[in-house]
Each structure stands twice: as C-alpha cells, then as structure tokens.
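A.B. asks: Sharing target_22.tsv, TSV, C-alpha atoms and all ligand atoms:
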```tsv
chain	number	residue	atom	x	y	z
A	247	MET	CA	91.68	141.45	78.78
A	248	ALA	CA	90.34	139.91	75.62
A	249	ALA	CA	87.08	139.86	73.66
A	250	GLY	CA	84.82	142.08	75.81
A	251	ALA	CA	81.76	140.13	76.81
A	252	PRO	CA	78.52	142.04	77.38
A	253	MET	CA	77.69	142.70	81.01
A	254	LYS	CA	75.01	140.78	82.89
A	255	GLY	CA	71.64	142.12	81.80
A	256	GLY	CA	68.41	142.79	83.66
A	257	ILE	CA	68.08	144.66	86.92
A	258	GLY	CA	68.55	141.75	89.34
A	259	THR	CA	71.06	141.40	92.17
A	260	TYR	CA	73.93	140.33	89.91
A	261	SER	CA	73.14	142.63	86.97
A	262	TYR	CA	75.57	145.26	85.72
A	263	ALA	CA	72.92	147.84	86.58
A	264	ASN	CA	73.38	146.87	90.25
A	265	ASN	CA	77.11	146.13	90.12
A	266	SER	CA	78.69	149.10	88.39
A	267	GLN	CA	79.36	151.28	91.41
A	268	ARG	CA	83.13	151.08	90.86
A	269	GLN	CA	82.80	152.48	87.30
A	270	ARG	CA	80.36	155.07	88.64
A	271	GLU	CA	82.89	156.25	91.24
A	272	GLU	CA	85.63	156.54	88.63
A	273	TYR	CA	83.24	158.40	86.33
A	274	ASP	CA	82.25	160.77	89.18
A	275	SER	CA	85.88	161.69	89.71
A	276	ALA	CA	86.27	162.48	85.98
A	277	LYS	CA	82.97	164.18	85.18
A	278	ASN	CA	84.08	167.77	85.82
A	279	LEU	CA	87.16	167.19	83.71
A	280	ILE	CA	85.00	165.81	80.88
A	281	LYS	CA	82.81	168.91	80.95
A	282	HIS	CA	85.89	171.11	81.07
A	283	VAL	CA	87.53	169.48	78.01
A	284	LEU	CA	84.27	169.80	76.07
A	285	ILE	CA	84.04	173.49	76.90
A	286	GLN	CA	87.70	173.99	76.02
A	287	ASN	CA	87.79	172.04	72.77
A	288	LEU	CA	84.43	171.82	71.01
A	289	ASP	CA	84.58	173.91	67.86
A	290	VAL	CA	81.10	175.46	67.93
A	291	LYS	CA	81.76	177.62	64.87
A	292	SER	CA	82.15	174.48	62.73
A	293	LEU	CA	79.35	172.62	64.50
A	294	VAL	CA	76.66	175.27	64.05
A	295	SER	CA	77.15	175.14	60.30
A	296	SER	CA	75.62	171.65	60.27
A	297	GLY	CA	72.33	172.68	61.94
A	298	ASN	CA	70.62	172.20	65.31
A	299	ALA	CA	70.87	168.42	65.59
A	300	PHE	CA	73.64	167.41	67.99
A	301	THR	CA	74.57	163.73	67.94
A	302	ILE	CA	76.35	161.88	70.77
A	303	ALA	CA	77.43	158.23	70.72
A	304	ASP	CA	78.21	156.19	73.86
A	305	LEU	CA	80.42	153.32	72.70
A	306	GLY	CA	80.19	150.32	75.03
A	307	CYS	CA	77.30	151.82	77.02
A	308	SER	CA	76.10	148.58	78.66
A	309	ILE	CA	72.70	148.77	80.37
A	310	GLY	CA	72.93	151.83	82.56
A	311	PRO	CA	72.68	153.69	84.79
A	312	ASN	CA	76.21	155.10	84.26
A	313	THR	CA	75.61	155.87	80.59
A	314	PHE	CA	72.63	158.10	81.44
A	315	LEU	CA	74.70	160.21	83.85
A	316	ALA	CA	77.49	160.55	81.30
A	317	MET	CA	75.09	161.66	78.54
A	318	GLU	CA	73.49	164.29	80.82
A	319	ASN	CA	76.93	165.64	81.70
A	320	ILE	CA	77.94	165.90	78.04
A	321	ILE	CA	74.70	167.70	77.21
A	322	ASP	CA	75.37	170.17	80.05
A	323	GLY	CA	78.92	170.76	78.79
A	324	VAL	CA	77.79	171.29	75.20
A	325	GLY	CA	75.06	173.68	76.37
A	326	GLU	CA	77.56	175.74	78.38
A	327	LYS	CA	79.95	175.94	75.45
A	328	TYR	CA	77.20	177.10	73.05
A	329	ASP	CA	76.15	179.70	75.61
A	330	ILE	CA	79.71	180.99	76.03
A	331	GLN	CA	80.03	181.31	72.26
A	332	GLY	CA	76.78	183.27	72.00
A	333	HIS	CA	74.60	180.51	70.51
A	334	ASN	CA	71.30	179.66	72.17
A	335	PRO	CA	71.66	176.06	73.46
A	336	THR	CA	67.90	175.64	73.74
A	337	ASN	CA	67.78	175.45	69.94
A	338	LEU	CA	69.83	172.25	70.03
A	339	GLU	CA	68.15	168.89	69.53
A	340	PHE	CA	70.23	166.10	71.02
A	341	GLN	CA	70.25	162.55	69.77
A	342	VAL	CA	72.09	159.86	71.74
A	343	PHE	CA	73.17	156.63	70.08
A	344	PHE	CA	73.64	153.91	72.70
A	345	ASN	CA	76.13	151.42	71.28
A	346	ASP	CA	77.20	148.04	72.59
A	347	ARG	CA	77.67	144.50	71.35
A	348	VAL	CA	74.68	142.74	69.79
A	349	ALA	CA	74.20	140.56	72.89
A	350	ASN	CA	73.94	143.57	75.23
A	351	ASP	CA	70.64	143.82	77.09
A	352	PHE	CA	69.26	146.79	75.13
A	353	ASN	CA	65.76	145.99	76.42
A	354	SER	CA	66.74	146.83	80.00
A	355	LEU	CA	68.61	149.90	78.77
A	356	PHE	CA	65.57	151.32	76.99
A	357	ALA	CA	63.21	150.32	79.79
A	358	SER	CA	65.26	152.37	82.25
A	359	LEU	CA	65.84	155.53	80.19
A	360	PRO	CA	65.36	158.55	82.49
A	361	VAL	CA	61.85	159.95	82.14
A	362	ASP	CA	63.20	163.50	82.01
A	363	LYS	CA	65.89	162.82	79.39
A	364	ARG	CA	66.73	165.72	77.09
A	365	TYR	CA	67.53	163.67	73.98
A	366	TYR	CA	66.16	161.32	71.37
A	367	ALA	CA	67.50	157.83	72.09
A	368	ALA	CA	68.52	155.13	69.63
A	369	GLY	CA	70.36	151.83	70.01
A	370	VAL	CA	73.23	150.85	67.71
A	371	ALA	CA	74.29	147.22	68.10
A	372	GLY	CA	77.72	146.22	66.86
A	373	SER	CA	81.40	146.29	67.65
A	374	PHE	CA	83.18	149.61	68.04
A	375	TRP	CA	86.29	148.08	66.47
A	376	GLY	CA	84.59	148.75	63.12
A	377	ARG	CA	82.43	151.45	61.55
A	378	LEU	CA	79.10	152.08	63.28
A	379	PHE	CA	77.93	155.39	61.78
A	380	PRO	CA	77.97	157.22	58.43
A	381	ASP	CA	80.77	159.63	57.55
A	382	SER	CA	80.74	162.90	59.52
A	383	SER	CA	77.60	162.18	61.52
A	384	ILE	CA	78.67	162.21	65.21
A	385	CYS	CA	79.42	165.39	67.17
A	386	VAL	CA	80.74	163.76	70.37
A	387	ALA	CA	81.82	160.12	70.70
A	388	TYR	CA	82.24	158.94	74.29
A	389	SER	CA	83.47	155.65	75.69
A	390	SER	CA	84.02	154.67	79.32
A	391	PHE	CA	85.51	151.51	80.79
A	392	ALA	CA	85.10	149.60	77.53
A	393	LEU	CA	88.27	150.09	75.48
A	394	GLN	CA	90.38	148.04	77.88
A	395	TRP	CA	88.85	144.92	76.28
A	396	LEU	CA	90.90	143.63	73.36
A	397	SER	CA	89.21	142.42	70.18
A	398	LYS	CA	90.86	139.01	70.54
A	399	ILE	CA	93.43	137.06	72.55
A	400	PRO	CA	96.82	137.46	70.83
A	401	LYS	CA	97.51	133.94	69.52
A	402	GLU	CA	101.11	133.82	70.83
A	403	LEU	CA	99.76	133.96	74.40
A	404	VAL	CA	98.04	130.60	74.05
A	405	ASP	CA	100.77	128.93	71.96
A	406	LYS	CA	102.94	126.75	74.22
A	407	GLU	CA	105.75	126.92	71.65
A	408	SER	CA	105.82	130.72	71.63
A	409	PRO	CA	108.14	132.76	73.88
A	410	ALA	CA	105.01	134.81	74.68
A	411	TRP	CA	103.06	131.81	76.05
A	412	ASN	CA	101.10	133.13	79.06
A	413	LYS	CA	100.88	129.76	80.84
A	414	GLY	CA	97.08	129.71	80.90
A	415	LYS	CA	96.82	133.10	82.63
A	416	ILE	CA	94.03	135.44	81.51
A	417	HIS	CA	95.91	138.71	81.92
A	418	TYR	CA	99.23	140.38	82.56
A	419	THR	CA	99.87	141.96	85.95
A	420	GLY	CA	103.50	142.84	85.63
A	421	ARG	CA	104.83	140.72	88.48
A	422	GLY	CA	107.02	138.04	86.94
A	423	ALA	CA	105.50	138.33	83.46
A	424	LYS	CA	107.80	138.03	80.47
A	425	LYS	CA	108.44	141.00	78.20
A	426	GLU	CA	107.12	138.92	75.28
A	427	VAL	CA	103.74	138.67	77.05
A	428	VAL	CA	103.64	142.43	77.56
A	429	GLY	CA	104.66	142.91	73.93
A	430	ALA	CA	101.87	140.65	72.62
A	431	TYR	CA	99.20	142.47	74.66
A	432	ALA	CA	100.61	145.88	73.70
A	433	ALA	CA	100.70	145.01	69.97
A	434	GLN	CA	97.06	143.85	70.05
A	435	PHE	CA	96.00	147.00	71.91
A	436	GLU	CA	97.80	149.17	69.37
A	437	GLN	CA	96.12	147.36	66.47
A	438	ASP	CA	92.69	147.66	68.11
A	439	MET	CA	93.07	151.34	68.99
A	440	ASP	CA	94.23	152.03	65.47
A	441	ALA	CA	91.02	150.43	64.09
A	442	PHE	CA	88.89	152.27	66.69
A	443	LEU	CA	90.40	155.70	66.00
A	444	ASN	CA	90.30	155.24	62.23
A	445	ALA	CA	86.58	154.42	62.37
A	446	ARG	CA	85.84	157.37	64.67
A	447	GLY	CA	87.99	159.63	62.52
A	448	MET	CA	85.55	159.02	59.65
A	449	GLU	CA	82.42	159.32	61.78
A	450	ILE	CA	83.07	162.45	63.84
A	451	VAL	CA	82.03	165.75	62.27
A	452	ARG	CA	84.41	168.65	61.81
A	453	GLY	CA	84.60	170.49	65.14
A	454	GLY	CA	83.44	167.42	67.12
A	455	MET	CA	85.32	165.43	69.74
A	456	ILE	CA	86.03	162.04	71.21
A	457	VAL	CA	86.19	161.51	74.98
A	458	ILE	CA	87.64	158.26	76.35
A	459	LEU	CA	87.76	157.01	79.95
A	460	ILE	CA	89.88	153.91	80.28
A	461	PRO	CA	91.32	152.21	83.37
A	462	GLY	CA	95.07	151.92	83.45
A	463	VAL	CA	98.14	151.73	85.65
A	464	ALA	CA	101.32	153.75	85.38
A	465	ASP	CA	104.37	152.14	83.78
A	466	GLY	CA	106.31	150.06	86.27
A	467	VAL	CA	103.41	149.52	88.70
A	468	VAL	CA	103.24	145.78	89.37
A	469	ALA	CA	100.76	145.42	92.23
A	470	HIS	CA	97.34	147.00	91.76
A	471	SER	CA	93.79	146.17	92.85
A	472	SER	CA	92.59	145.28	89.31
A	473	GLY	CA	95.45	142.79	88.96
A	474	VAL	CA	94.50	141.14	92.26
A	475	ALA	CA	90.85	140.96	91.17
A	476	LEU	CA	91.80	139.40	87.82
A	477	THR	CA	94.07	136.82	89.46
A	478	PHE	CA	91.15	135.85	91.69
A	479	LEU	CA	88.82	135.65	88.66
A	480	GLU	CA	91.41	133.61	86.77
A	481	SER	CA	91.55	131.04	89.55
A	482	ASN	CA	87.71	130.78	89.61
A	483	LEU	CA	87.57	130.32	85.84
A	484	CYS	CA	90.27	127.62	85.95
A	485	ASP	CA	88.31	125.76	88.66
A	486	MET	CA	85.14	125.99	86.55
A	487	VAL	CA	86.95	124.62	83.47
A	488	LYS	CA	88.37	121.72	85.56
A	489	GLU	CA	84.92	120.94	86.99
A	490	SER	CA	83.33	121.00	83.56
A	491	ASN	CA	86.06	118.70	82.14
A	492	LYS	CA	85.51	116.27	85.04
A	493	CYS	CA	81.78	116.36	84.38
A	494	ARG	CA	82.26	115.66	80.66
A	495	LYS	CA	84.53	112.70	81.42
A	496	SER	CA	81.93	111.17	83.78
A	497	LEU	CA	79.16	111.70	81.23
A	498	ARG	CA	81.29	110.08	78.51
A	499	LYS	CA	81.89	107.06	80.77
A	500	MET	CA	78.13	106.78	81.19
A	501	GLY	CA	77.74	106.90	77.41
A	502	VAL	CA	76.07	110.33	77.42
A	503	SER	CA	77.40	112.85	74.92
A	504	ALA	CA	77.86	116.40	76.19
A	505	CYS	CA	78.33	119.56	74.17
B	601	LIG	C1	82.36	147.61	81.97
B	601	LIG	S1	81.14	147.96	80.79
B	601	LIG	C2	81.13	149.73	80.82
B	601	LIG	C3	79.75	150.27	80.64
B	601	LIG	C4	79.60	151.77	80.74
B	601	LIG	N1	80.32	152.45	79.68
B	601	LIG	C5	80.04	152.29	82.09
B	601	LIG	O1	80.93	153.16	82.15
B	601	LIG	O2	79.49	151.85	83.10
B	601	LIG	C6	81.98	147.64	79.22
B	601	LIG	C7	81.01	147.54	78.06
B	601	LIG	O3	81.76	147.57	76.86
B	601	LIG	C8	81.12	146.71	75.94
B	601	LIG	N2	82.04	146.34	74.86
B	601	LIG	C9	83.19	145.62	74.96
B	601	LIG	N3	83.75	145.46	73.75
B	601	LIG	C10	82.92	146.09	72.87
B	601	LIG	C11	82.95	146.29	71.46
B	601	LIG	N4	83.95	145.78	70.72
B	601	LIG	N5	81.97	147.00	70.87
B	601	LIG	C12	80.95	147.53	71.61
B	601	LIG	N6	80.87	147.38	72.97
B	601	LIG	C13	81.83	146.67	73.57
B	601	LIG	C14	80.69	145.52	76.79
B	601	LIG	O4	79.69	144.76	76.15
B	601	LIG	C15	80.22	146.23	78.05
B	601	LIG	O5	78.84	146.50	78.01
```
Just give me the structure of the file as structure tokens.

C.D. replies:
Amino acid sequence: MAAGAPMKGGIGTYSYANNSQRQREEYDSAKNLIKHVLIQNLDVKSLVSSGNAFTIADLGCSIGPNTFLAMENIIDGVGEKYDIQGHNPTNLEFQVFFNDRVANDFNSLFASLPVDKRYYAAGVAGSFWGRLFPDSSICVAYSSFALQWLSKIPKELVDKESPAWNKGKIHYTGRGAKKEVVGAYAAQFEQDMDAFLNARGMEIVRGGMIVILIPGVADGVVAHSSGVALTFLESNLCDMVKESNKCRKSLRKMGVSAC
C-alpha cells in the first residue's frame, strides 16, 4: 500500500478510535511477546548511565486507544527489567512521544489520554521515513500497523509502458500478479525500511530498542483476508473515480469549472 494516509479523526462512528478493533486484537496477541523481548534485550546497564528519564516513541500512533495500551505495556516491561537488574523502577520518569503525520488528529489523541497515565506526553508531527528526534535521545521506539504503508507508489506500477504496470490495481495480492509488480513493491519497501532504520539508528540510545509490529503474509500465500479486503476497497475507489469523472464532464458541459 502506498503513501499512508492518516486515519479518520474524532471519536464518531467511523473514526479510527471506533474502528481499530482488528489492530487491537493483533496487538493483544503480541503484547506478552513485546514485554518478553523488552525484558530479554533492554541493556539497563547502558541505559542507567543516561539518568532517570526514559523516552518512548510511538511511530504512526494514530488517535488511540491502541497506542495507550501499547505504551502502558512497554512501561510495565521496562519496569520489570529494571527490577530484575536491581534498579528501582519507581525512579524512572517516562516520556512518550506520540508521532504521526501532520494531518493526524492529535487533538483527539490528547483529549483522550488516560487520566491515570504514568508518563509525560508530547506530540511529534512528521513522517517516520525521516529523522524525528535528536541523536541518541530515544530509549524504545515502537511502531504498530504503520510500516506496511509505502512512502510512495513505485512509478513503474502506474506506467503503462513498464513491464511492472499494475493495471490500475492498488495492491499486489499474489494471485496472477507479475513478478515485476512484486519486484517494484519489494524494492520500494526495501528503500523505505532502509531510510526508517537509518533514522532510528541515529535516534535510539545505546542499550535501547526498536519494536515493530507489521502485518504480513508468508511467502507463497496468495489468498488472504487482507487481500480480499483491498480488492473490495479497490473496486469502491474505482467506482468513486468513475463517478467523479462523470460529474466533472456534466459540469463542464454546463459551463461550470470543477477542481
Ligand atoms: C493503521 S494506523 C495504526 C495506528 C496504531 N499504531 C495502532 O496500532 O492502532 C497507521 C498509522 O500510521 C500513520 N502513518 C503512515 N505513514 C506514516 C509516516 N510516514 N509517518 C508517520 N506516521 C505514518 C498513519 O497516519 C496512521 O495513523
């Protein structure tokens, strides 16, 4: 998928806040593993040398509520690890940086922060494909269900002359897709992940960690529920484009200019 658009804001019926149960379920099934990897891998010896402030960044946090659950879980995991290593976790002061694109509804995010949160909260607007924080300033960077978005549509996919032309489709499901299409998506993903990891490599402190949850399918799997959902979405989008073109034509005939 290309160019991740911010989720629907607010707290209404169609908002992300009320339509992120699927991501919540996936997160629930991974939360113990996340805590476990933190306990296994955080290098407390290095971290304590930089003081009591413990910084966490959620990259592609959206509006909530999933981000709040994830931050609480990370704080629990960090606390347990400090305890195990003989450092009093109550001395820690957590700061969470909620990051998303500029157009994300940060107002709803901040309005719904849990009243009993155990951290200082700050918003960081901008794209995670580039630098977001100073050198060596983040202890744990976390990202869930956000890195599947590509930074842009690979241009070969929309070029009718290219062997990788994707015939107007908005994704690749595997069934009947050409290897050139797969190659174009894979090359873009590699380039994006390279940029993402390079930026985080500069930002994460010595002893810190990055935790990524990303949806995926095993190699060779051609039929999966996300593919079906995207094909359905693709057909809706195509219908909307056709309708809007028809509308423009009629307006032009009537001498009205449309944007
Ligand atoms: C499906 S939501 C996931 C939200 C939350 N992490 C969760 O697990 O429920 C994906 C989020 O990633 C954000 N996103 C996509 N591309 C981004 C980028 N380049 N930089 C920052 N955020 C991005 C979108 O705006 C969106 O809010």

A.B. asks: Neighbours of ligand LIG 601 (chain B) within 7 Å, counting all atoms listed in the file, as an NGL selection string?

C.D. replies: :A and (249-253 or 266 or 269-270 or 305-310 or 312-313 or 345-347 or 350 or 372-375 or 389-393 or 395 or 397)

A.B. asks: Find the distance between CA of Phe314 in chain A and CA of Lys291 in chain A and write it in Å to one decimal.

C.D. replies: 27.2 Å

A.B. asks: Please provide as a list in words all residues within 9 Å of range 474-477 of chain A, with the sequence filter that same-chain residues fewer than 3 positions apart are discarded (counting all atoms listed in the file).

C.D. replies: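 Contacts, with the query itself left out: Lys415, Ile416, His417, Thr419, Ala469, His470, Ser471, Glu480, Ser481 and Asn482 of chain A.
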
A.B. asks: For CA of Gly447 in chain A and CA of Cys385 in chain A, quote the distance in Å rounded to one decimal.

C.D. replies: 11.3 Å

A.B. asks: What is the distance between CA of Ala276 in chain A and CA of Ile320 in chain A, in Å to one decimal?

C.D. replies: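 Value for the CA of Ala276 in chain A-CA of Ile320 in chain A distance: 12.0 Å.
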
A.B. asks: Which residue, A:Ala368, A:Ala303, A:Leu443, A:Ala387, has the smallest gap to Met455 in chain A when you use all atoms listed in the file?

C.D. replies: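 Once distances to Met455 in chain A are computed over all atoms listed in the file, the minimum belongs to A:Ala387.
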
A.B. asks: Got a sec: who's within 10 Å of Asn337 in chain A, counting all atoms listed in the file, leaving out chain neighbours fewer than 5 positions off, as a PyMOL selection string?

C.D. replies: chain A and resi 297-299+325

A.B. asks: Could you tell me which of A:Asp304, A:Asp274, A:Asp381, A:Glu402 comes closest to Val457 in chain A if we count all atoms listed in the file?

C.D. replies: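 Using all atoms listed in the file, the shortest distance to Val457 in chain A belongs to A:Asp304.
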
A.B. asks: Can you pull out every residue within 10 Å of Tyr365 in chain A, counting only C-alpha atoms, but drop anything in the same chain fewer than 4 positions away, and send it as a PDB file with C-alpha atoms, in the frame of the given file?

C.D. replies:
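Result saved to selection-v5.pdb:
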```
ATOM      1  CA  PHE A 300      73.640 167.410  67.990  1.00  0.00           C
ATOM      2  CA  THR A 301      74.570 163.730  67.940  1.00  0.00           C
ATOM      3  CA  ILE A 302      76.350 161.880  70.770  1.00  0.00           C
ATOM      4  CA  MET A 317      75.090 161.660  78.540  1.00  0.00           C
ATOM      5  CA  GLU A 318      73.490 164.290  80.820  1.00  0.00           C
ATOM      6  CA  ILE A 321      74.700 167.700  77.210  1.00  0.00           C
ATOM      7  CA  LEU A 338      69.830 172.250  70.030  1.00  0.00           C
ATOM      8  CA  GLU A 339      68.150 168.890  69.530  1.00  0.00           C
ATOM      9  CA  PHE A 340      70.230 166.100  71.020  1.00  0.00           C
ATOM     10  CA  GLN A 341      70.250 162.550  69.770  1.00  0.00           C
ATOM     11  CA  VAL A 342      72.090 159.860  71.740  1.00  0.00           C
ATOM     12  CA  PHE A 343      73.170 156.630  70.080  1.00  0.00           C
TER      13      PHE A 343
END
```

A.B. asks: From the list A:Leu396, A:Leu293, A:Val428, A:Ile257, which residue is nearest Ala357 in chain A when using all atoms listed in the file?

C.D. replies: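 Counting all atoms listed in the file, the residue closest to Ala357 in chain A is A:Ile257.
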
A.B. asks: Can you pull out every residue within 12 Å of His282 in chain A, counting only C-alpha atoms, but drop anything in the same chain fewer than 5 positions away, and send it as a PyMOL selection string?

C.D. replies: chain A and resi 276-277+287-288+319-320+322-324+326-327+457
